[in-house]
Every structure is written in structure tokens, then in C-alpha cells.
>>> print(open('input20.pdb').read())   # PDB, C-alpha atoms, pLDDT in the B column
MODEL        1
ATOM      1  CA  MET H   1      27.257  20.071 -13.569  1.00 47.00           C
ATOM      2  CA  SER H   2      23.664  20.057 -14.747  1.00 55.00           C
ATOM      3  CA  ARG H   3      21.798  23.365 -14.788  1.00 79.00           C
ATOM      4  CA  ILE H   4      18.462  23.772 -13.099  1.00 92.00           C
ATOM      5  CA  SER H   5      15.614  25.807 -14.560  1.00 94.00           C
ATOM      6  CA  PRO H   6      14.832  29.365 -13.487  1.00 95.00           C
ATOM      7  CA  TYR H   7      11.640  28.022 -11.891  1.00 95.00           C
ATOM      8  CA  ASP H   8      13.495  25.375  -9.890  1.00 96.00           C
ATOM      9  CA  ALA H   9      16.044  27.958  -8.753  1.00 97.00           C
ATOM     10  CA  TRP H  10      13.258  30.221  -7.460  1.00 97.00           C
ATOM     11  CA  GLN H  11      11.503  27.296  -5.754  1.00 97.00           C
ATOM     12  CA  ARG H  12      14.733  26.402  -3.977  1.00 97.00           C
ATOM     13  CA  LEU H  13      15.079  29.975  -2.723  1.00 98.00           C
ATOM     14  CA  LEU H  14      11.407  30.058  -1.704  1.00 97.00           C
ATOM     15  CA  GLU H  15      11.723  26.831   0.262  1.00 97.00           C
ATOM     16  CA  GLY H  16      14.757  28.197   2.082  1.00 98.00           C
ATOM     17  CA  ASN H  17      12.928  31.431   2.839  1.00 98.00           C
ATOM     18  CA  GLU H  18       9.964  29.484   4.246  1.00 97.00           C
ATOM     19  CA  ARG H  19      12.351  27.670   6.601  1.00 98.00           C
ATOM     20  CA  PHE H  20      13.855  31.004   7.660  1.00 97.00           C
ATOM     21  CA  VAL H  21      10.418  32.558   8.287  1.00 97.00           C
ATOM     22  CA  SER H  22       9.283  29.605  10.412  1.00 97.00           C
ATOM     23  CA  GLY H  23      12.533  29.415  12.372  1.00 96.00           C
ATOM     24  CA  ASP H  24      13.518  26.040  10.906  1.00 96.00           C
ATOM     25  CA  SER H  25      16.646  27.061   8.991  1.00 96.00           C
ATOM     26  CA  LEU H  26      18.917  24.152   8.052  1.00 95.00           C
ATOM     27  CA  HIS H  27      22.067  26.247   7.380  1.00 95.00           C
ATOM     28  CA  PRO H  28      23.047  23.917   4.509  1.00 96.00           C
ATOM     29  CA  ASN H  29      26.432  23.791   2.781  1.00 95.00           C
ATOM     30  CA  GLN H  30      28.232  25.623   5.571  1.00 94.00           C
ATOM     31  CA  ASN H  31      30.609  22.919   6.824  1.00 94.00           C
ATOM     32  CA  ALA H  32      34.290  22.193   6.238  1.00 96.00           C
ATOM     33  CA  SER H  33      33.693  19.531   3.598  1.00 95.00           C
ATOM     34  CA  ARG H  34      31.591  21.926   1.519  1.00 95.00           C
ATOM     35  CA  ARG H  35      34.300  24.557   1.879  1.00 95.00           C
ATOM     36  CA  SER H  36      36.930  22.116   0.635  1.00 95.00           C
ATOM     37  CA  ALA H  37      34.793  20.924  -2.262  1.00 94.00           C
ATOM     38  CA  LEU H  38      34.440  24.493  -3.502  1.00 94.00           C
ATOM     39  CA  ALA H  39      38.095  25.479  -3.246  1.00 94.00           C
ATOM     40  CA  HIS H  40      38.614  25.361  -7.021  1.00 93.00           C
ATOM     41  CA  THR H  41      35.122  25.632  -8.483  1.00 91.00           C
ATOM     42  CA  GLN H  42      31.693  27.191  -8.007  1.00 94.00           C
ATOM     43  CA  ASN H  43      28.294  26.461  -9.491  1.00 94.00           C
ATOM     44  CA  PRO H  44      25.754  28.814  -7.885  1.00 96.00           C
ATOM     45  CA  PHE H  45      22.122  28.314  -8.864  1.00 97.00           C
ATOM     46  CA  ALA H  46      21.092  31.986  -8.540  1.00 97.00           C
ATOM     47  CA  VAL H  47      22.429  35.524  -8.578  1.00 98.00           C
ATOM     48  CA  ILE H  48      20.996  37.769  -5.879  1.00 98.00           C
ATOM     49  CA  PHE H  49      21.360  41.486  -6.526  1.00 98.00           C
ATOM     50  CA  GLY H  50      20.138  43.043  -3.321  1.00 96.00           C
ATOM     51  CA  CYS H  51      20.201  46.097  -1.156  1.00 96.00           C
ATOM     52  CA  ALA H  52      23.276  46.420   1.064  1.00 96.00           C
ATOM     53  CA  ASP H  53      21.070  46.805   4.169  1.00 95.00           C
ATOM     54  CA  SER H  54      22.559  44.842   7.078  1.00 95.00           C
ATOM     55  CA  ARG H  55      19.207  43.122   7.692  1.00 95.00           C
ATOM     56  CA  LEU H  56      19.090  41.648   4.194  1.00 94.00           C
ATOM     57  CA  ALA H  57      21.818  38.979   4.291  1.00 95.00           C
ATOM     58  CA  ALA H  58      20.893  36.845   1.281  1.00 96.00           C
ATOM     59  CA  GLU H  59      22.394  33.523   2.389  1.00 96.00           C
ATOM     60  CA  ILE H  60      20.594  33.761   5.729  1.00 97.00           C
ATOM     61  CA  ILE H  61      17.120  34.792   4.564  1.00 97.00           C
ATOM     62  CA  PHE H  62      17.099  32.125   1.847  1.00 98.00           C
ATOM     63  CA  ASP H  63      18.789  29.499   4.069  1.00 98.00           C
ATOM     64  CA  VAL H  64      21.558  28.596   1.644  1.00 98.00           C
ATOM     65  CA  GLY H  65      25.289  28.180   2.063  1.00 96.00           C
ATOM     66  CA  LEU H  66      28.704  28.346   0.449  1.00 95.00           C
ATOM     67  CA  GLY H  67      28.635  28.123  -3.336  1.00 96.00           C
ATOM     68  CA  ASP H  68      24.842  28.359  -3.605  1.00 97.00           C
ATOM     69  CA  VAL H  69      24.252  31.996  -4.578  1.00 97.00           C
ATOM     70  CA  PHE H  70      26.352  34.676  -6.278  1.00 98.00           C
ATOM     71  CA  VAL H  71      25.613  37.878  -4.358  1.00 98.00           C
ATOM     72  CA  VAL H  72      25.959  41.512  -5.441  1.00 98.00           C
ATOM     73  CA  ARG H  73      24.797  44.277  -3.109  1.00 97.00           C
ATOM     74  CA  THR H  74      24.590  48.063  -3.250  1.00 96.00           C
ATOM     75  CA  ALA H  75      22.473  50.515  -1.260  1.00 95.00           C
ATOM     76  CA  GLY H  76      19.020  50.508  -2.844  1.00 94.00           C
ATOM     77  CA  HIS H  77      20.257  47.865  -5.326  1.00 96.00           C
ATOM     78  CA  VAL H  78      21.486  50.727  -7.499  1.00 96.00           C
ATOM     79  CA  ILE H  79      23.053  49.667 -10.804  1.00 96.00           C
ATOM     80  CA  ASP H  80      26.494  50.790 -11.965  1.00 95.00           C
ATOM     81  CA  ASP H  81      29.103  49.336 -14.328  1.00 96.00           C
ATOM     82  CA  ALA H  82      30.615  47.118 -11.632  1.00 97.00           C
ATOM     83  CA  VAL H  83      27.177  45.693 -10.850  1.00 97.00           C
ATOM     84  CA  LEU H  84      26.449  45.035 -14.521  1.00 98.00           C
ATOM     85  CA  GLY H  85      29.822  43.351 -14.967  1.00 98.00           C
ATOM     86  CA  SER H  86      29.233  41.177 -11.906  1.00 98.00           C
ATOM     87  CA  LEU H  87      25.753  40.137 -13.054  1.00 98.00           C
ATOM     88  CA  GLU H  88      26.980  39.472 -16.590  1.00 98.00           C
ATOM     89  CA  TYR H  89      29.710  37.266 -15.127  1.00 98.00           C
ATOM     90  CA  GLY H  90      27.032  35.314 -13.258  1.00 97.00           C
ATOM     91  CA  VAL H  91      25.003  34.813 -16.419  1.00 97.00           C
ATOM     92  CA  SER H  92      27.693  34.297 -19.074  1.00 96.00           C
ATOM     93  CA  VAL H  93      30.464  32.542 -17.139  1.00 96.00           C
ATOM     94  CA  LEU H  94      28.685  30.830 -14.236  1.00 96.00           C
ATOM     95  CA  LYS H  95      25.564  30.114 -16.363  1.00 95.00           C
ATOM     96  CA  VAL H  96      23.213  31.007 -13.525  1.00 97.00           C
ATOM     97  CA  PRO H  97      19.536  30.525 -14.476  1.00 97.00           C
ATOM     98  CA  LEU H  98      18.052  33.178 -12.181  1.00 97.00           C
ATOM     99  CA  ILE H  99      18.787  36.790 -11.201  1.00 98.00           C
ATOM    100  CA  VAL H 100      16.870  38.019  -8.157  1.00 98.00           C
ATOM    101  CA  VAL H 101      16.575  41.769  -7.561  1.00 98.00           C
ATOM    102  CA  LEU H 102      15.982  41.931  -3.817  1.00 97.00           C
ATOM    103  CA  GLY H 103      14.400  45.034  -2.300  1.00 96.00           C
ATOM    104  CA  HIS H 104      12.918  45.444   1.159  1.00 96.00           C
ATOM    105  CA  ASP H 105      10.417  47.537   3.085  1.00 95.00           C
ATOM    106  CA  ASN H 106      11.568  50.649   4.978  1.00 94.00           C
ATOM    107  CA  CYS H 107      14.581  50.957   2.665  1.00 94.00           C
ATOM    108  CA  GLY H 108      16.760  53.890   3.697  1.00 93.00           C
ATOM    109  CA  ALA H 109      18.018  54.554   0.186  1.00 93.00           C
ATOM    110  CA  VAL H 110      14.506  54.690  -1.280  1.00 95.00           C
ATOM    111  CA  THR H 111      13.386  56.835   1.670  1.00 94.00           C
ATOM    112  CA  ALA H 112      16.249  59.250   0.967  1.00 94.00           C
ATOM    113  CA  ALA H 113      15.166  59.515  -2.667  1.00 95.00           C
ATOM    114  CA  LYS H 114      11.553  60.080  -1.616  1.00 94.00           C
ATOM    115  CA  ASP H 115      12.655  62.839   0.784  1.00 94.00           C
ATOM    116  CA  ALA H 116      14.793  64.461  -1.915  1.00 94.00           C
ATOM    117  CA  VAL H 117      11.830  64.554  -4.319  1.00 94.00           C
ATOM    118  CA  GLU H 118       9.531  65.999  -1.642  1.00 92.00           C
ATOM    119  CA  THR H 119      11.925  68.624  -0.249  1.00 93.00           C
ATOM    120  CA  GLY H 120      14.095  69.374  -3.272  1.00 92.00           C
ATOM    121  CA  GLU H 121      17.150  68.889  -1.070  1.00 91.00           C
ATOM    122  CA  VAL H 122      19.630  66.333  -2.437  1.00 89.00           C
ATOM    123  CA  PRO H 123      22.226  64.703  -0.136  1.00 89.00           C
ATOM    124  CA  SER H 124      25.906  65.525  -0.548  1.00 91.00           C
ATOM    125  CA  GLY H 125      28.783  63.282  -1.548  1.00 93.00           C
ATOM    126  CA  HIS H 126      28.239  60.023  -3.378  1.00 93.00           C
ATOM    127  CA  ILE H 127      24.898  59.483  -1.618  1.00 92.00           C
ATOM    128  CA  ARG H 128      23.598  61.999  -4.152  1.00 93.00           C
ATOM    129  CA  ASP H 129      24.385  59.506  -6.925  1.00 93.00           C
ATOM    130  CA  LEU H 130      22.381  56.784  -5.167  1.00 93.00           C
ATOM    131  CA  VAL H 131      19.415  59.104  -4.702  1.00 94.00           C
ATOM    132  CA  GLU H 132      19.499  60.282  -8.321  1.00 94.00           C
ATOM    133  CA  ARG H 133      19.456  56.689  -9.572  1.00 94.00           C
ATOM    134  CA  ILE H 134      16.469  55.789  -7.384  1.00 95.00           C
ATOM    135  CA  THR H 135      14.494  58.973  -8.096  1.00 95.00           C
ATOM    136  CA  PRO H 136      12.898  57.698 -11.368  1.00 95.00           C
ATOM    137  CA  SER H 137      11.297  54.843  -9.415  1.00 95.00           C
ATOM    138  CA  VAL H 138       9.974  57.295  -6.811  1.00 95.00           C
ATOM    139  CA  LEU H 139       8.528  59.542  -9.532  1.00 95.00           C
ATOM    140  CA  SER H 140       6.937  56.541 -11.256  1.00 95.00           C
ATOM    141  CA  SER H 141       5.207  55.598  -7.980  1.00 95.00           C
ATOM    142  CA  LEU H 142       3.986  59.144  -7.421  1.00 94.00           C
ATOM    143  CA  ARG H 143       2.507  59.238 -10.935  1.00 95.00           C
ATOM    144  CA  GLU H 144       0.361  56.283  -9.883  1.00 94.00           C
ATOM    145  CA  ASP H 145      -0.604  58.034  -6.619  1.00 94.00           C
ATOM    146  CA  LYS H 146       1.447  55.574  -4.587  1.00 93.00           C
ATOM    147  CA  THR H 147       3.005  57.725  -1.878  1.00 92.00           C
ATOM    148  CA  ASP H 148       4.027  55.088   0.664  1.00 93.00           C
ATOM    149  CA  VAL H 149       7.742  54.293   0.726  1.00 93.00           C
ATOM    150  CA  ASN H 150       7.036  50.553   0.631  1.00 94.00           C
ATOM    151  CA  ASP H 151       5.048  50.948  -2.594  1.00 94.00           C
ATOM    152  CA  MET H 152       8.093  52.791  -3.930  1.00 94.00           C
ATOM    153  CA  VAL H 153      10.343  49.911  -2.847  1.00 96.00           C
ATOM    154  CA  VAL H 154       8.267  47.492  -4.927  1.00 95.00           C
ATOM    155  CA  GLU H 155       8.261  49.861  -7.902  1.00 95.00           C
ATOM    156  CA  HIS H 156      12.027  50.327  -7.605  1.00 95.00           C
ATOM    157  CA  ALA H 157      12.614  46.568  -7.630  1.00 96.00           C
ATOM    158  CA  LYS H 158      10.462  46.246 -10.770  1.00 96.00           C
ATOM    159  CA  GLN H 159      12.214  49.189 -12.433  1.00 95.00           C
ATOM    160  CA  THR H 160      15.611  47.705 -11.577  1.00 96.00           C
ATOM    161  CA  VAL H 161      14.691  44.520 -13.446  1.00 97.00           C
ATOM    162  CA  ARG H 162      13.757  46.609 -16.484  1.00 96.00           C
ATOM    163  CA  ARG H 163      16.974  48.613 -16.253  1.00 96.00           C
ATOM    164  CA  LEU H 164      19.095  45.485 -16.119  1.00 97.00           C
ATOM    165  CA  LEU H 165      17.503  44.267 -19.346  1.00 97.00           C
ATOM    166  CA  ASP H 166      17.870  47.703 -20.959  1.00 96.00           C
ATOM    167  CA  SER H 167      21.491  48.133 -19.847  1.00 97.00           C
ATOM    168  CA  SER H 168      22.947  44.687 -20.566  1.00 97.00           C
ATOM    169  CA  ARG H 169      22.776  42.903 -23.886  1.00 97.00           C
ATOM    170  CA  ILE H 170      24.153  39.755 -22.222  1.00 97.00           C
ATOM    171  CA  ILE H 171      21.348  39.671 -19.636  1.00 97.00           C
ATOM    172  CA  PHE H 172      18.720  40.594 -22.233  1.00 97.00           C
ATOM    173  CA  ASP H 173      19.856  37.788 -24.549  1.00 97.00           C
ATOM    174  CA  ALA H 174      19.913  35.251 -21.694  1.00 96.00           C
ATOM    175  CA  VAL H 175      16.298  36.117 -20.868  1.00 96.00           C
ATOM    176  CA  ASP H 176      15.359  36.189 -24.544  1.00 95.00           C
ATOM    177  CA  ASN H 177      16.654  32.664 -25.131  1.00 93.00           C
ATOM    178  CA  TYR H 178      15.022  31.340 -21.931  1.00 93.00           C
ATOM    179  CA  SER H 179      18.300  30.382 -20.228  1.00 93.00           C
ATOM    180  CA  THR H 180      17.853  32.949 -17.453  1.00 96.00           C
ATOM    181  CA  ALA H 181      14.955  34.740 -15.770  1.00 97.00           C
ATOM    182  CA  VAL H 182      15.185  38.039 -13.897  1.00 97.00           C
ATOM    183  CA  ILE H 183      12.744  38.591 -11.058  1.00 97.00           C
ATOM    184  CA  ALA H 184      11.931  41.345  -8.583  1.00 97.00           C
ATOM    185  CA  VAL H 185      11.399  40.302  -4.983  1.00 97.00           C
ATOM    186  CA  ALA H 186      10.236  42.410  -2.027  1.00 96.00           C
ATOM    187  CA  TYR H 187      11.366  41.346   1.432  1.00 96.00           C
ATOM    188  CA  ARG H 188       9.525  42.182   4.662  1.00 96.00           C
ATOM    189  CA  LEU H 189      11.908  42.882   7.508  1.00 95.00           C
ATOM    190  CA  GLU H 190       9.455  42.081  10.304  1.00 95.00           C
ATOM    191  CA  GLU H 191       8.269  38.671   9.120  1.00 95.00           C
ATOM    192  CA  GLY H 192      11.279  37.749   7.015  1.00 96.00           C
ATOM    193  CA  ARG H 193       9.244  36.783   3.962  1.00 96.00           C
ATOM    194  CA  ALA H 194      10.436  37.287   0.383  1.00 96.00           C
ATOM    195  CA  GLN H 195       7.623  37.845  -2.143  1.00 95.00           C
ATOM    196  CA  LEU H 196       7.796  37.775  -5.925  1.00 96.00           C
ATOM    197  CA  VAL H 197       6.554  41.069  -7.395  1.00 94.00           C
ATOM    198  CA  SER H 198       7.540  40.760 -11.084  1.00 91.00           C
ATOM    199  CA  ALA H 199       9.315  38.441 -13.498  1.00 91.00           C
ATOM    200  CA  SER H 200      11.013  38.805 -16.880  1.00 90.00           C
ATOM    201  CA  GLY H 201      11.584  35.600 -18.766  1.00 83.00           C
ATOM    202  CA  VAL H 202      10.009  32.197 -18.241  1.00 80.00           C
ATOM    203  CA  LEU H 203       9.796  31.300 -14.570  1.00 76.00           C
TER     204      LEU H 203
ENDMDL
END
>>> encode(input="input20.pdb", output="C-alpha cells")
Amino acid sequence: MSRISPYDAWQRLLEGNERFVSGDSLHPNQNASRRSALAHTQNPFAVIFGCADSRLAAEIIFDVGLGDVFVVRTAGHVIDDAVLGSLEYGVSVLKVPLIVVLGHDNCGAVTAAKDAVETGEVPSGHIRDLVERITPSVLSSLREDKTDVNDMVVEHAKQTVRRLLDSSRIIFDAVDNYSTAVIAVAYRLEEGRAQLVSASGVL
């Protein structure tokens, strides 16, 4: 199966998102024949590492189907070892040319981190871990006098791209040798549009 370029992968996602925004979704690759064809193989053209928010279903907002995208989701697209392993699998085994870090406006996880910084009160349980991992992005925004949560969402998506490259030699090397690009994308819940906010690698 021939690989497409990081640029072509992003264009394909963009075109699908435009269809979704305009209400003209095609719902491709979602029939029984596609399901059968994929029973023993997969060749996704992108990895989408997104927030777990129920309104951010990757296959729907990019109008793709079975076998098209390899999806990893955590609240606030927070990175842990399982996430890194999943993304490295996408890059090294599935040879995916594009990793998309997908954040969105009014993100509850980023809002929780913002509240924790402002009040000094950290949530209990494992939510604390999420908040602590998002806090550096919140602090980075505040240092630039960006106090709106949606500015923090954009900053957190950008920082997540940097952290992926810092945390994974496999991802770093794939970007370094131009086989993969890693991009940050901010999604607007109201209009449904996904916008590129940063890119590492050649797009």
C-alpha cells in the first residue's frame, strides 16, 4: 500500500472537515464491504490524538470511516506511557505520515487546570494527575497574558506536540527524517471547524 505525504493526509482531513461543517458529510468507508476488506489488515493515513470529550468524535468531524484514522483519546489529550506506545505503534508499525493533536474550545480538562492554578485547589483522585499535566500549558499562557481558556487550549495543543517530540525518540526520528509530521489542531464546537495552529515536520 503506497504511503501518502503528511501534507496529503492533512488535506484529506481538512476536506472531510469542510464537508462536516457544511452539512455535506459523505460517511465514507462505513459499509459492510469496507468492514470485510479490513478484517485482517489496516492502513490508516493519520493518527488523531484528541481529547476524550464526547463532542469531539474524530471520525465524524473529519468525515472518515473504518480503517482511515488511528485514534487515541484522553481527557485534555494528556500524554502517558500508554498514549506514547499507541502513537509509536501508529508511526513505526502502521507507518502513518501524520499525527494530529486535537484540542477544542471550552475544554473541561483545561478549564479544571486553569481553576486549579487560580484557586490553588487541586481536584482529588486521578483527575489531579490530568490537571497537573495540563498546568504547564496554563502557566505558559498566563506568562503571555493570555487568560482566556480557549487561548490556553491552543497553547496546550502546541505544548502537547512539543512534549510528544521530547518524550518519544521514535516520533522525533520520524519527524526528523520527514516521514511523519505532528500538528496541533484546535476545534470549535459551535461551528465544527478544525484549524491548524502549529506544525512540526514538513507539512
>>> closest_residue(input="input20.pdb", among="H:Leu84, H:Val153, H:Cys51, H:Leu14", to="Ala194 in chain H", atoms="only C-alpha atoms")
H:Leu14
>>> closest_residue(input="input20.pdb", among="H:Ala116, H:Leu13, H:Ile48, H:Leu56", to="Glu190 in chain H", atoms="all atoms listed in the file")
H:Leu56
>>> resolve_selection(input="input20.pdb", expression="the PyMOL selection byres ((chain H and resi 172) around 12)", output="list in words")
Leu84, Leu87, Glu88, Val91, Ser92, Ile99, Val161, Arg162, Arg163, Leu164, Leu165, Asp166, Ser167, Ser168, Arg169, Ile170, Ile171, Asp173, Ala174, Val175, Asp176, Asn177, Tyr178, Ser179, Thr180, Ala181, Val182, Ser200 and Gly201 of chain H
>>> closest_atom_pairs(input="input20.pdb", of="range 98-184 of chain H", to="range 44-47 of chain H", cutoff="9 Å", atoms="only C-alpha atoms", output="tab-separated table")
residue	atom	partner	partner_atom	distance
H:Leu98	CA	H:Ala46	CA	4.9
H:Ile99	CA	H:Val47	CA	4.7
H:Val100	CA	H:Val47	CA	6.1
H:Val101	CA	H:Val47	CA	8.6
>>> atom_distance(input="input20.pdb", atom1="CA of Gly85 in chain H", atom2="CA of Thr160 in chain H")
15.2 Å
>>> atom_distance(input="input20.pdb", atom1="CA of Arg73 in chain H", atom2="CA of Ala58 in chain H")
9.5 Å
>>> resolve_selection(input="input20.pdb", expression="the PyMOL selection byres ((chain H and resi 150) around 8)", output="VMD selection string")
chain H and resid 104 to 107 148 to 149 151 to 154
>>> closest_residue(input="input20.pdb", among="H:Val202, H:Ile183, H:Leu196, H:Ile127", to="Thr74 in chain H", atoms="only C-alpha atoms")
H:Ile127
>>> resolve_selection(input="input20.pdb", expression="the PyMOL selection byres ((chain H and resi 134) around 8)", output="list of chain:residue names")
H:Gly76, H:Val78, H:Ala109, H:Val110, H:Ala113, H:Leu130, H:Val131, H:Glu132, H:Arg133, H:Thr135, H:Pro136, H:Ser137, H:Val138, H:His156
>>> write_last_selection(input="input20.pdb", atoms="C-alpha atoms", output="PDB file, keeping the file's coordinate frame")
ATOM      1  CA  GLY H  76      19.020  50.508  -2.844  1.00 94.00           C
ATOM      2  CA  VAL H  78      21.486  50.727  -7.499  1.00 96.00           C
ATOM      3  CA  ALA H 109      18.018  54.554   0.186  1.00 93.00           C
ATOM      4  CA  VAL H 110      14.506  54.690  -1.280  1.00 95.00           C
ATOM      5  CA  ALA H 113      15.166  59.515  -2.667  1.00 95.00           C
ATOM      6  CA  LEU H 130      22.381  56.784  -5.167  1.00 93.00           C
ATOM      7  CA  VAL H 131      19.415  59.104  -4.702  1.00 94.00           C
ATOM      8  CA  GLU H 132      19.499  60.282  -8.321  1.00 94.00           C
ATOM      9  CA  ARG H 133      19.456  56.689  -9.572  1.00 94.00           C
ATOM     10  CA  THR H 135      14.494  58.973  -8.096  1.00 95.00           C
ATOM     11  CA  PRO H 136      12.898  57.698 -11.368  1.00 95.00           C
ATOM     12  CA  SER H 137      11.297  54.843  -9.415  1.00 95.00           C
ATOM     13  CA  VAL H 138       9.974  57.295  -6.811  1.00 95.00           C
ATOM     14  CA  HIS H 156      12.027  50.327  -7.605  1.00 95.00           C
TER      15      HIS H 156
END
>>> atom_distance(input="input20.pdb", atom1="CA of Phe49 in chain H", atom2="CA of Asp80 in chain H")
11.9 Å
>>> closest_residue(input="input20.pdb", among="H:Asp24, H:Asp63, H:Asp129, H:Asp68", to="Gln42 in chain H", atoms="all atoms listed in the file")
H:Asp68
>>> residues_around(input="input20.pdb", residues="Gly65 in chain H", least_positions_apart="2", cutoff="10 Å", atoms="all atoms listed in the file", output="PyMOL selection string")
chain H and resi 26-31+34-35+44+58-60+62-63+67-69
>>> write_last_selection(input="input20.pdb", atoms="C-alpha atoms", output="mmCIF file, in the coordinates of the input")
data_model
loop_
_atom_site.group_PDB
_atom_site.id
_atom_site.type_symbol
_atom_site.label_atom_id
_atom_site.label_comp_id
_atom_site.auth_asym_id
_atom_site.auth_seq_id
_atom_site.Cartn_x
_atom_site.Cartn_y
_atom_site.Cartn_z
ATOM 1 C CA LEU H 26 18.917 24.152 8.052
ATOM 2 C CA HIS H 27 22.067 26.247 7.380
ATOM 3 C CA PRO H 28 23.047 23.917 4.509
ATOM 4 C CA ASN H 29 26.432 23.791 2.781
ATOM 5 C CA GLN H 30 28.232 25.623 5.571
ATOM 6 C CA ASN H 31 30.609 22.919 6.824
ATOM 7 C CA ARG H 34 31.591 21.926 1.519
ATOM 8 C CA ARG H 35 34.300 24.557 1.879
ATOM 9 C CA PRO H 44 25.754 28.814 -7.885
ATOM 10 C CA ALA H 58 20.893 36.845 1.281
ATOM 11 C CA GLU H 59 22.394 33.523 2.389
ATOM 12 C CA ILE H 60 20.594 33.761 5.729
ATOM 13 C CA PHE H 62 17.099 32.125 1.847
ATOM 14 C CA ASP H 63 18.789 29.499 4.069
ATOM 15 C CA GLY H 67 28.635 28.123 -3.336
ATOM 16 C CA ASP H 68 24.842 28.359 -3.605
ATOM 17 C CA VAL H 69 24.252 31.996 -4.578
#
>>> residues_near_point(input="input20.pdb", point="(10.1, 36.7, -4.3)", cutoff="7 Å", atoms="only C-alpha atoms", output="short mmCIF file (atom, residue, chain, number, x, y, z; two decimals) with C-alpha atoms, in the coordinates of the input")
data_model
loop_
_atom_site.label_atom_id
_atom_site.label_comp_id
_atom_site.auth_asym_id
_atom_site.auth_seq_id
_atom_site.Cartn_x
_atom_site.Cartn_y
_atom_site.Cartn_z
CA ALA H 184 11.93 41.34 -8.58
CA VAL H 185 11.40 40.30 -4.98
CA ALA H 186 10.24 42.41 -2.03
CA ALA H 194 10.44 37.29 0.38
CA GLN H 195 7.62 37.84 -2.14
CA LEU H 196 7.80 37.78 -5.92
CA VAL H 197 6.55 41.07 -7.40
#
>>> closest_residue(input="input20.pdb", among="H:Gln159, H:Ala37, H:Val93, H:Gly192", to="His77 in chain H", atoms="only C-alpha atoms")
H:Gln159
